[in-house]
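**Student:** File target05.cif follows (mmCIF, C-alpha atoms and all ligand atoms):
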data_input
loop_
_atom_site.group_PDB
_atom_site.id
_atom_site.type_symbol
_atom_site.label_atom_id
_atom_site.label_comp_id
_atom_site.auth_asym_id
_atom_site.auth_seq_id
_atom_site.Cartn_x
_atom_site.Cartn_y
_atom_site.Cartn_z
ATOM 1 C CA MET A 1 -24.660 -17.122 27.425
ATOM 2 C CA MET A 2 -22.287 -19.670 28.895
ATOM 3 C CA THR A 3 -21.630 -22.785 26.828
ATOM 4 C CA GLN A 4 -22.836 -25.963 28.544
ATOM 5 C CA TYR A 5 -19.952 -28.208 27.565
ATOM 6 C CA GLY A 6 -21.740 -31.311 28.911
ATOM 7 C CA GLU A 7 -24.310 -30.838 26.143
ATOM 8 C CA ILE A 8 -21.740 -30.936 23.345
ATOM 9 C CA THR A 9 -21.593 -34.247 21.501
ATOM 10 C CA PRO A 10 -18.004 -35.506 21.705
ATOM 11 C CA ILE A 11 -16.108 -36.278 18.515
ATOM 12 C CA ARG A 12 -16.548 -40.032 18.089
ATOM 13 C CA ALA A 13 -15.178 -40.589 14.590
ATOM 14 C CA ARG A 14 -11.446 -40.762 13.978
ATOM 15 C CA VAL A 15 -9.998 -37.535 12.585
ATOM 16 C CA PRO A 16 -7.213 -38.604 10.188
ATOM 17 C CA SER A 17 -4.198 -36.379 10.659
ATOM 18 C CA ALA A 18 -3.314 -34.118 7.747
ATOM 19 C CA ARG A 19 0.239 -33.762 6.568
ATOM 20 C CA GLN A 20 2.019 -30.916 8.272
ATOM 21 C CA SER A 21 3.382 -29.697 4.961
ATOM 22 C CA ALA A 22 -0.104 -28.377 4.163
ATOM 23 C CA ARG A 23 0.526 -25.686 6.791
ATOM 24 C CA ARG A 24 4.014 -24.357 6.234
ATOM 25 C CA HIS A 25 3.862 -22.005 9.226
ATOM 26 C CA TYR A 26 4.226 -25.025 11.525
ATOM 27 C CA GLY A 27 6.983 -26.527 9.391
ATOM 28 C CA VAL A 28 9.147 -23.444 9.792
ATOM 29 C CA HIS A 29 10.585 -24.724 13.085
ATOM 30 C CA PRO A 30 10.733 -28.257 14.515
ATOM 31 C CA TYR A 31 9.411 -29.064 17.975
ATOM 32 C CA PHE A 32 8.891 -32.227 20.037
ATOM 33 C CA THR A 33 5.533 -34.021 19.800
ATOM 34 C CA ARG A 34 3.764 -31.420 17.690
ATOM 35 C CA ARG A 35 0.090 -32.383 17.290
ATOM 36 C CA PRO A 36 -1.581 -32.482 13.842
ATOM 37 C CA TYR A 37 -3.164 -29.081 13.344
ATOM 38 C CA ASN A 38 -6.336 -30.422 11.736
ATOM 39 C CA VAL A 39 -7.142 -32.658 14.717
ATOM 40 C CA VAL A 40 -6.586 -29.758 17.128
ATOM 41 C CA ARG A 41 -8.766 -27.591 14.920
ATOM 42 C CA ALA A 42 -11.593 -30.160 14.882
ATOM 43 C CA TYR A 43 -11.684 -30.073 18.704
ATOM 44 C CA ILE A 44 -11.589 -26.290 18.805
ATOM 45 C CA LEU A 45 -14.529 -26.106 16.413
ATOM 46 C CA ARG A 46 -16.492 -28.683 18.373
ATOM 47 C CA TYR A 47 -15.881 -27.318 21.858
ATOM 48 C CA SER A 48 -15.813 -23.560 21.386
ATOM 49 C CA LYS A 49 -17.472 -20.825 19.405
ATOM 50 C CA GLU A 50 -16.163 -17.670 17.755
ATOM 51 C CA ARG A 51 -14.594 -15.140 20.157
ATOM 52 C CA ASP A 52 -14.222 -17.744 22.928
ATOM 53 C CA ARG A 53 -10.869 -17.952 24.685
ATOM 54 C CA VAL A 54 -8.992 -21.193 24.053
ATOM 55 C CA LEU A 55 -6.190 -21.890 26.529
ATOM 56 C CA ASP A 56 -3.525 -24.571 26.114
ATOM 57 C CA PRO A 57 -1.322 -24.540 29.226
ATOM 58 C CA PHE A 58 0.874 -27.300 27.720
ATOM 59 C CA GLY A 59 0.900 -25.525 24.387
ATOM 60 C CA GLY A 60 4.266 -26.678 22.982
ATOM 61 C CA SER A 61 4.968 -24.916 19.712
ATOM 62 C CA GLY A 62 1.589 -23.164 19.660
ATOM 63 C CA VAL A 63 -0.634 -25.315 17.449
ATOM 64 C CA THR A 64 -3.702 -24.843 19.670
ATOM 65 C CA ALA A 65 -3.357 -21.070 20.050
ATOM 66 C CA ILE A 66 -2.688 -20.561 16.341
ATOM 67 C CA GLU A 67 -5.533 -22.814 15.188
ATOM 68 C CA ALA A 68 -7.854 -21.066 17.674
ATOM 69 C CA PHE A 69 -6.823 -17.709 16.251
ATOM 70 C CA LEU A 70 -7.394 -18.881 12.691
ATOM 71 C CA GLU A 71 -10.918 -19.898 13.722
ATOM 72 C CA ASN A 72 -11.615 -16.468 15.218
ATOM 73 C CA ARG A 73 -11.086 -17.441 18.821
ATOM 74 C CA VAL A 74 -8.618 -15.878 21.226
ATOM 75 C CA GLY A 75 -5.819 -18.424 21.537
ATOM 76 C CA ILE A 76 -3.742 -18.413 24.730
ATOM 77 C CA GLN A 77 -0.449 -20.282 24.777
ATOM 78 C CA SER A 78 1.709 -21.243 27.726
ATOM 79 C CA ASP A 79 4.400 -23.874 28.278
ATOM 80 C CA ILE A 80 6.940 -24.581 30.996
ATOM 81 C CA ASN A 81 9.675 -24.778 28.353
ATOM 82 C CA PRO A 82 10.879 -21.319 27.212
ATOM 83 C CA PHE A 83 11.964 -22.845 23.891
ATOM 84 C CA ALA A 84 8.316 -23.862 23.215
ATOM 85 C CA ASN A 85 7.145 -20.322 23.865
ATOM 86 C CA PHE A 86 9.946 -18.944 21.681
ATOM 87 C CA VAL A 87 8.731 -21.082 18.744
ATOM 88 C CA ALA A 88 5.031 -20.366 19.382
ATOM 89 C CA ARG A 89 5.567 -16.644 19.773
ATOM 90 C CA GLY A 90 7.861 -16.594 16.751
ATOM 91 C CA ILE A 91 5.235 -18.210 14.514
ATOM 92 C CA ALA A 92 2.438 -16.010 15.906
ATOM 93 C CA ASN A 93 4.522 -12.883 15.351
ATOM 94 C CA LEU A 94 5.301 -13.686 11.731
ATOM 95 C CA THR A 95 2.313 -11.686 10.563
ATOM 96 C CA ARG A 96 3.260 -8.610 12.532
ATOM 97 C CA GLY A 97 5.328 -5.966 10.818
ATOM 98 C CA HIS A 98 5.579 -5.516 7.078
ATOM 99 C CA ILE A 99 6.739 -7.839 4.349
ATOM 100 C CA SER A 100 9.016 -5.087 3.035
ATOM 101 C CA ALA A 101 10.738 -5.043 6.442
ATOM 102 C CA TYR A 102 11.340 -8.797 6.149
ATOM 103 C CA SER A 103 12.848 -8.285 2.684
ATOM 104 C CA GLU A 104 15.076 -5.492 3.958
ATOM 105 C CA ALA A 105 16.146 -7.637 6.897
ATOM 106 C CA LEU A 106 17.119 -10.460 4.555
ATOM 107 C CA GLU A 107 19.123 -8.066 2.372
ATOM 108 C CA ARG A 108 20.847 -6.613 5.425
ATOM 109 C CA VAL A 109 21.814 -10.047 6.718
ATOM 110 C CA ARG A 110 22.889 -11.168 3.266
ATOM 111 C CA GLU A 111 25.093 -8.098 2.798
ATOM 112 C CA ALA A 112 26.662 -8.506 6.226
ATOM 113 C CA CYS A 113 27.355 -12.234 5.927
ATOM 114 C CA GLU A 114 27.265 -13.665 2.430
ATOM 115 C CA ARG A 115 30.906 -13.110 1.447
ATOM 116 C CA ARG A 116 32.243 -14.048 4.843
ATOM 117 C CA LEU A 117 30.155 -17.239 4.943
ATOM 118 C CA GLN A 118 31.385 -18.206 1.493
ATOM 119 C CA SER A 119 35.008 -17.783 2.543
ATOM 120 C CA ILE A 120 34.380 -19.724 5.776
ATOM 121 C CA GLU A 121 33.063 -22.606 3.674
ATOM 122 C CA HIS A 122 36.597 -23.053 2.315
ATOM 123 C CA ALA A 123 38.584 -22.018 5.394
ATOM 124 C CA GLY A 124 41.156 -24.382 6.889
ATOM 125 C CA ASP A 125 41.492 -25.309 10.563
ATOM 126 C CA ASP A 126 43.940 -22.506 11.445
ATOM 127 C CA GLU A 127 41.722 -19.874 9.888
ATOM 128 C CA LEU A 128 38.649 -21.284 11.645
ATOM 129 C CA ARG A 129 40.495 -21.213 14.982
ATOM 130 C CA ARG A 130 41.414 -17.580 14.363
ATOM 131 C CA LEU A 131 37.853 -16.652 13.358
ATOM 132 C CA ARG A 132 36.421 -18.368 16.393
ATOM 133 C CA ARG A 133 38.270 -15.908 18.609
ATOM 134 C CA THR A 134 36.615 -12.991 16.788
ATOM 135 C CA VAL A 135 32.924 -13.993 17.044
ATOM 136 C CA ARG A 136 30.438 -13.734 19.901
ATOM 137 C CA LEU A 137 29.430 -17.141 21.254
ATOM 138 C CA PRO A 138 27.001 -18.081 24.037
ATOM 139 C CA PRO A 139 28.390 -19.715 27.208
ATOM 140 C CA ASN A 140 29.713 -23.220 26.601
ATOM 141 C CA VAL A 141 27.356 -25.001 29.008
ATOM 142 C CA PRO A 142 27.624 -28.697 29.951
ATOM 143 C CA LEU A 143 24.993 -30.945 28.326
ATOM 144 C CA SER A 144 22.786 -33.527 30.066
ATOM 145 C CA ALA A 145 24.508 -36.773 31.045
ATOM 146 C CA ASN A 146 22.822 -38.848 28.309
ATOM 147 C CA SER A 147 24.369 -36.704 25.520
ATOM 148 C CA ASP A 148 27.072 -38.128 23.245
ATOM 149 C CA VAL A 149 29.251 -35.090 23.873
ATOM 150 C CA ARG A 150 29.976 -33.220 27.084
ATOM 151 C CA MET A 151 29.775 -29.524 26.192
ATOM 152 C CA TYR A 152 27.482 -27.388 24.045
ATOM 153 C CA TYR A 153 30.184 -26.302 21.567
ATOM 154 C CA ASP A 154 30.964 -29.982 20.885
ATOM 155 C CA LEU A 155 27.615 -30.213 19.075
ATOM 156 C CA PHE A 156 29.035 -28.127 16.233
ATOM 157 C CA SER A 157 31.935 -28.260 13.845
ATOM 158 C CA PRO A 158 34.183 -25.156 14.098
ATOM 159 C CA ARG A 159 32.805 -24.046 10.715
ATOM 160 C CA GLN A 160 29.198 -24.328 11.894
ATOM 161 C CA LEU A 161 29.920 -22.541 15.157
ATOM 162 C CA VAL A 162 31.620 -19.566 13.491
ATOM 163 C CA SER A 163 29.047 -19.310 10.681
ATOM 164 C CA LEU A 164 26.064 -19.471 13.040
ATOM 165 C CA ALA A 165 27.653 -16.823 15.264
ATOM 166 C CA LEU A 166 28.168 -14.501 12.296
ATOM 167 C CA LEU A 167 24.557 -14.890 11.168
ATOM 168 C CA LYS A 168 23.223 -14.365 14.680
ATOM 169 C CA ASP A 169 25.279 -11.206 15.053
ATOM 170 C CA ALA A 170 23.860 -9.787 11.812
ATOM 171 C CA ILE A 171 20.303 -10.750 12.831
ATOM 172 C CA ASP A 172 20.728 -9.038 16.206
ATOM 173 C CA ARG A 173 21.430 -5.826 14.302
ATOM 174 C CA VAL A 174 18.195 -5.878 12.252
ATOM 175 C CA PRO A 175 16.444 -2.685 13.346
ATOM 176 C CA ASP A 176 12.844 -3.768 12.639
ATOM 177 C CA ARG A 177 11.509 -5.587 15.705
ATOM 178 C CA TYR A 178 9.301 -8.133 13.997
ATOM 179 C CA ALA A 179 11.541 -8.790 11.019
ATOM 180 C CA GLY A 180 14.418 -9.296 13.469
ATOM 181 C CA ARG A 181 12.377 -11.769 15.495
ATOM 182 C CA GLY A 182 11.309 -13.590 12.340
ATOM 183 C CA MET A 183 14.923 -13.878 11.253
ATOM 184 C CA LEU A 184 15.836 -15.193 14.685
ATOM 185 C CA LEU A 185 13.156 -17.880 14.382
ATOM 186 C CA ALA A 186 14.558 -18.826 10.965
ATOM 187 C CA TRP A 187 18.096 -18.865 12.394
ATOM 188 C CA SER A 188 16.982 -21.116 15.233
ATOM 189 C CA ALA A 189 15.342 -23.467 12.709
ATOM 190 C CA ALA A 190 18.571 -23.523 10.689
ATOM 191 C CA LEU A 191 20.554 -24.243 13.848
ATOM 192 C CA THR A 192 18.585 -27.480 14.291
ATOM 193 C CA LYS A 193 20.131 -28.656 11.001
ATOM 194 C CA LEU A 194 23.556 -27.092 11.265
ATOM 195 C CA ASN A 195 24.974 -29.244 13.998
ATOM 196 C CA LYS A 196 26.454 -32.700 14.432
ATOM 197 C CA THR A 197 23.192 -34.276 15.641
ATOM 198 C CA PHE A 198 21.560 -33.641 12.246
ATOM 199 C CA LEU A 199 20.504 -36.875 10.548
ATOM 200 C CA SER A 200 20.101 -36.539 6.813
ATOM 201 C CA ALA A 201 17.004 -38.487 5.650
ATOM 202 C CA GLU A 202 18.076 -41.357 3.412
ATOM 203 C CA GLY A 203 16.989 -41.200 -0.210
ATOM 204 C CA ARG A 204 16.033 -37.526 -0.029
ATOM 205 C CA ALA A 205 17.862 -34.231 -0.534
ATOM 206 C CA GLU A 206 20.781 -33.990 1.872
ATOM 207 C CA SER A 207 19.178 -31.073 3.721
ATOM 208 C CA ARG A 208 15.995 -33.075 4.513
ATOM 209 C CA GLY A 209 16.066 -34.597 7.952
ATOM 210 C CA GLY A 210 16.321 -33.360 11.506
ATOM 211 C CA SER A 211 18.207 -33.297 14.746
ATOM 212 C CA SER A 212 18.170 -36.393 16.964
ATOM 213 C CA VAL A 213 17.005 -34.280 19.869
ATOM 214 C CA PHE A 214 13.510 -33.986 18.365
ATOM 215 C CA SER A 215 13.146 -37.695 17.659
ATOM 216 C CA ILE A 216 14.937 -39.480 20.502
ATOM 217 C CA TYR A 217 15.112 -36.590 22.998
ATOM 218 C CA ARG A 218 18.853 -36.644 23.436
ATOM 219 C CA TYR A 219 21.933 -35.226 21.742
ATOM 220 C CA LYS A 220 23.107 -38.176 19.694
ATOM 221 C CA ILE A 221 25.919 -37.352 17.281
ATOM 222 C CA ALA A 222 25.141 -38.610 13.755
ATOM 223 C CA LYS A 223 27.274 -41.566 12.623
ATOM 224 C CA LYS A 224 27.878 -39.794 9.344
ATOM 225 C CA PRO A 225 27.668 -36.062 10.159
ATOM 226 C CA VAL A 226 26.590 -33.955 7.191
ATOM 227 C CA GLU A 227 27.909 -30.407 6.987
ATOM 228 C CA LEU A 228 25.259 -28.593 5.001
ATOM 229 C CA PRO A 229 26.615 -25.540 3.211
ATOM 230 C CA PHE A 230 25.379 -22.299 4.747
ATOM 231 C CA SER A 231 24.638 -20.664 1.425
ATOM 232 C CA ARG A 232 22.134 -23.406 0.577
ATOM 233 C CA ILE A 233 20.544 -23.377 4.005
ATOM 234 C CA ARG A 234 20.065 -19.659 3.857
ATOM 235 C CA ARG A 235 18.218 -19.950 0.587
ATOM 236 C CA THR A 236 15.936 -22.819 1.506
ATOM 237 C CA GLU A 237 15.374 -23.214 5.198
ATOM 238 C CA ALA A 238 16.175 -20.059 6.999
ATOM 239 C CA THR A 239 15.374 -17.266 4.659
ATOM 240 C CA SER A 240 13.018 -14.391 4.868
ATOM 241 C CA LEU A 241 11.587 -15.712 1.623
ATOM 242 C CA THR A 242 10.125 -18.511 3.684
ATOM 243 C CA LEU A 243 8.964 -15.980 6.217
ATOM 244 C CA ILE A 244 7.444 -13.785 3.555
ATOM 245 C CA TYR A 245 5.634 -16.801 2.189
ATOM 246 C CA LEU A 246 4.391 -17.589 5.653
ATOM 247 C CA CYS A 247 3.196 -14.086 6.281
ATOM 248 C CA SER A 248 1.231 -13.899 3.092
ATOM 249 C CA GLY A 249 -0.181 -17.360 3.798
ATOM 250 C CA ILE A 250 -1.519 -16.455 7.209
ATOM 251 C CA THR A 251 -2.609 -12.916 6.487
ATOM 252 C CA GLY A 252 -4.178 -14.078 3.228
ATOM 253 C CA SER A 253 -7.274 -15.090 5.179
ATOM 254 C CA GLY A 254 -7.896 -11.424 5.907
ATOM 255 C CA THR A 255 -7.071 -11.823 9.565
ATOM 256 C CA ARG A 256 -4.078 -10.809 11.586
ATOM 257 C CA LEU A 257 -2.279 -12.925 14.071
ATOM 258 C CA GLY A 258 -1.945 -10.883 17.258
ATOM 259 C CA GLY A 259 0.651 -11.005 19.978
ATOM 260 C CA THR A 260 0.502 -10.549 23.711
ATOM 261 C CA SER A 261 -0.942 -7.088 23.724
ATOM 262 C CA GLY A 262 -3.212 -6.861 20.764
ATOM 263 C CA GLN A 263 -6.336 -8.050 19.101
ATOM 264 C CA GLY A 264 -6.189 -8.824 15.426
ATOM 265 C CA SER A 265 -8.321 -6.936 12.953
ATOM 266 C CA SER A 266 -10.807 -9.788 13.113
ATOM 267 C CA SER A 267 -10.872 -9.446 16.910
ATOM 268 C CA SER A 268 -8.867 -12.648 17.256
ATOM 269 C CA ALA A 269 -5.491 -12.953 18.866
ATOM 270 C CA ALA A 270 -2.955 -15.622 19.613
ATOM 271 C CA THR A 271 -1.343 -14.825 22.931
ATOM 272 C CA CYS A 272 1.883 -16.466 23.984
ATOM 273 C CA ALA A 273 3.203 -16.636 27.520
HETATM 274 C C1 LIG B 301 2.828 -33.000 23.938
HETATM 275 S S1 LIG B 301 3.710 -31.512 24.115
HETATM 276 C C2 LIG B 301 2.567 -30.353 23.467
HETATM 277 C C3 LIG B 301 2.654 -30.270 21.998
HETATM 278 C C4 LIG B 301 1.729 -29.212 21.441
HETATM 279 N N1 LIG B 301 0.356 -29.634 21.548
HETATM 280 C C5 LIG B 301 2.084 -28.944 19.997
HETATM 281 O O1 LIG B 301 1.342 -29.338 19.099
HETATM 282 O O2 LIG B 301 3.169 -28.347 19.754
HETATM 283 C C6 LIG B 301 3.553 -31.234 25.854
HETATM 284 C C7 LIG B 301 4.141 -29.922 26.320
HETATM 285 O O3 LIG B 301 3.873 -29.803 27.724
HETATM 286 C C8 LIG B 301 4.935 -29.060 28.289
HETATM 287 N N2 LIG B 301 4.909 -29.281 29.739
HETATM 288 C C9 LIG B 301 5.291 -30.387 30.435
HETATM 289 N N3 LIG B 301 5.101 -30.176 31.745
HETATM 290 C C10 LIG B 301 4.575 -28.935 31.898
HETATM 291 C C11 LIG B 301 4.156 -28.154 33.017
HETATM 292 N N4 LIG B 301 4.235 -28.627 34.261
HETATM 293 N N5 LIG B 301 3.641 -26.932 32.799
HETATM 294 C C12 LIG B 301 3.564 -26.439 31.546
HETATM 295 N N6 LIG B 301 3.949 -27.124 30.433
HETATM 296 C C13 LIG B 301 4.458 -28.354 30.612
HETATM 297 C C14 LIG B 301 6.167 -29.583 27.578
HETATM 298 O O4 LIG B 301 7.213 -28.625 27.607
HETATM 299 C C15 LIG B 301 5.641 -29.821 26.156
HETATM 300 O O5 LIG B 301 5.912 -28.714 25.308
#
Now that the file is in, can you turn its structure into structure tokens?
**Tutor:**
Amino acid sequence: MMTQYGEITPIRARVPSARQSARRHYGVHPYFTRRPYNVVRAYILRYSKERDRVLDPFGGSGVTAIEAFLENRVGIQSDINPFANFVARGIANLTRGHISAYSEALERVREACERRLQSIEHAGDDELRRLRRTVRLPPNVPLSANSDVRMYYDLFSPRQLVSLALLKDAIDRVPDRYAGRGMLLAWSAALTKLNKTFLSAEGRAESRGGSSVFSIYRYKIAKKPVELPFSRIRRTEATSLTLIYLCSGITGSGTRLGGTSGQGSSSSAATCA
């Protein structure tokens, strides 16, 4: 029977927003204007019932679709920004594939990069210039006019650029589809810290903080740029350990987060455009 939405009592009381840290799967990657998951969830519960389809056409990083899925609805995500859909799909896909494949992927990337990253940490300018000619980099596109620097590469120190390229190359070679995508999500999250727009939060560990682009919506170079060491980042922010933790957290409810083609074992799915 169709739900008569006009008969549903609207939520009148304030829903205090919960801290995002209570749901690490959202914390794995920053995004602009992410809504508090518990408020989104309260609306989903009020306005839909199990197995309903919940569509968010301005879905951002996927909070609505993922919360809908976790409440046994079919969540449908879409956003005009491909980066939003990359983050949403990446989080939704974290429960696909096997944890052992994530572990293997981490080992593979570690073996391919660890020693080289350590030596890059101490490399001088000449060596970095030489290495830069040996790695695969994306096109050096011009940035929007309100950016502090003109070109994309200017957002990174030579060390960051070379190290990120090495990691990306190793991740591209991960044979398992879902583990590879999970690693790419982690790499993208690390990239938001490993650049000159990263602002280290005062009074906290150096690696806590974020890129100016998520807070003031432009590429503002930090007054005191912090070059976080790659070895530390790989252990804390961008590792499969985080991903493994995430997977067990989401699948722990006995459900499975689906992707575009499938239904989860609980007949729920989060679908990302
Ligand atoms: C407030 S954010 C959504 C945040 C999301 N609720 C979350 O928690 O991550 C609004 C989103 O609308 C998207 N957007 C803006 N104009 C759009 C359009 N014409 N079609 C689709 N999405 C659009 C933006 O890219 C942005 O991700």
**Student:** Compare A:Arg51, A:Arg14, A:His122, A:Arg89 by their minimum atom-to-atom distance to ligand LIG 301 (chain B), counting all atoms listed in the file, and give me the closest one.
**Tutor:** A:Arg89
**Student:** All residues within 9 Å of ligand LIG 301 (chain B) are required, counting only C-alpha atoms and all ligand atoms; please report them as a PyMOL selection string.
**Tutor:** chain A and resi 26+31-37+40+56-64+78-85+88
**Student:** Those selected residues, please, written with C-alpha atoms and delivered as an mmCIF file, keeping the file's coordinate frame.
**Tutor:**
data_model
loop_
_atom_site.group_PDB
_atom_site.id
_atom_site.type_symbol
_atom_site.label_atom_id
_atom_site.label_comp_id
_atom_site.auth_asym_id
_atom_site.auth_seq_id
_atom_site.Cartn_x
_atom_site.Cartn_y
_atom_site.Cartn_z
ATOM 1 C CA TYR A 26 4.226 -25.025 11.525
ATOM 2 C CA TYR A 31 9.411 -29.064 17.975
ATOM 3 C CA PHE A 32 8.891 -32.227 20.037
ATOM 4 C CA THR A 33 5.533 -34.021 19.800
ATOM 5 C CA ARG A 34 3.764 -31.420 17.690
ATOM 6 C CA ARG A 35 0.090 -32.383 17.290
ATOM 7 C CA PRO A 36 -1.581 -32.482 13.842
ATOM 8 C CA TYR A 37 -3.164 -29.081 13.344
ATOM 9 C CA VAL A 40 -6.586 -29.758 17.128
ATOM 10 C CA ASP A 56 -3.525 -24.571 26.114
ATOM 11 C CA PRO A 57 -1.322 -24.540 29.226
ATOM 12 C CA PHE A 58 0.874 -27.300 27.720
ATOM 13 C CA GLY A 59 0.900 -25.525 24.387
ATOM 14 C CA GLY A 60 4.266 -26.678 22.982
ATOM 15 C CA SER A 61 4.968 -24.916 19.712
ATOM 16 C CA GLY A 62 1.589 -23.164 19.660
ATOM 17 C CA VAL A 63 -0.634 -25.315 17.449
ATOM 18 C CA THR A 64 -3.702 -24.843 19.670
ATOM 19 C CA SER A 78 1.709 -21.243 27.726
ATOM 20 C CA ASP A 79 4.400 -23.874 28.278
ATOM 21 C CA ILE A 80 6.940 -24.581 30.996
ATOM 22 C CA ASN A 81 9.675 -24.778 28.353
ATOM 23 C CA PRO A 82 10.879 -21.319 27.212
ATOM 24 C CA PHE A 83 11.964 -22.845 23.891
ATOM 25 C CA ALA A 84 8.316 -23.862 23.215
ATOM 26 C CA ASN A 85 7.145 -20.322 23.865
ATOM 27 C CA ALA A 88 5.031 -20.366 19.382
#
**Student:** What's the separation between CA of Val87 (chain A) and CA of Arg181 (chain A), in Å to one decimal place?
**Tutor:**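 The value is 10.5 Å.
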**Student:** Taking the point (27.5, -41.3, 14.3) as given in the file, collect each protein or nucleic acid residue that comes within 10 Å of it, counting all atoms listed in the file, and present the set as a VMD selection string.
**Tutor:** chain A and resid 148 196 to 199 220 to 225
**Student:** Where does the PyMOL selection byres (((chain A and resi 120) around 10) and not hetatm) land in this file, that is, which residues does it pick, as a list in words?
**Tutor:**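 In the shown coordinates, the PyMOL selection byres (((chain A and resi 120) around 10) and not hetatm) covers Glu114, Arg115, Arg116, Leu117, Gln118, Ser119, Glu121, His122, Ala123, Gly124, Glu127, Leu128, Leu131, Pro158, Arg159, Gln160, Val162, Ser163 and Phe230 of chain A.
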**Student:** Using all atoms listed in the file for the distances, tell me which of A:Ala170, A:Leu191, A:Ala65, A:Leu143 is nearest to Ala112 (chain A).
**Tutor:**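 For Ala112 (chain A), the nearest of the candidates is A:Ala170.
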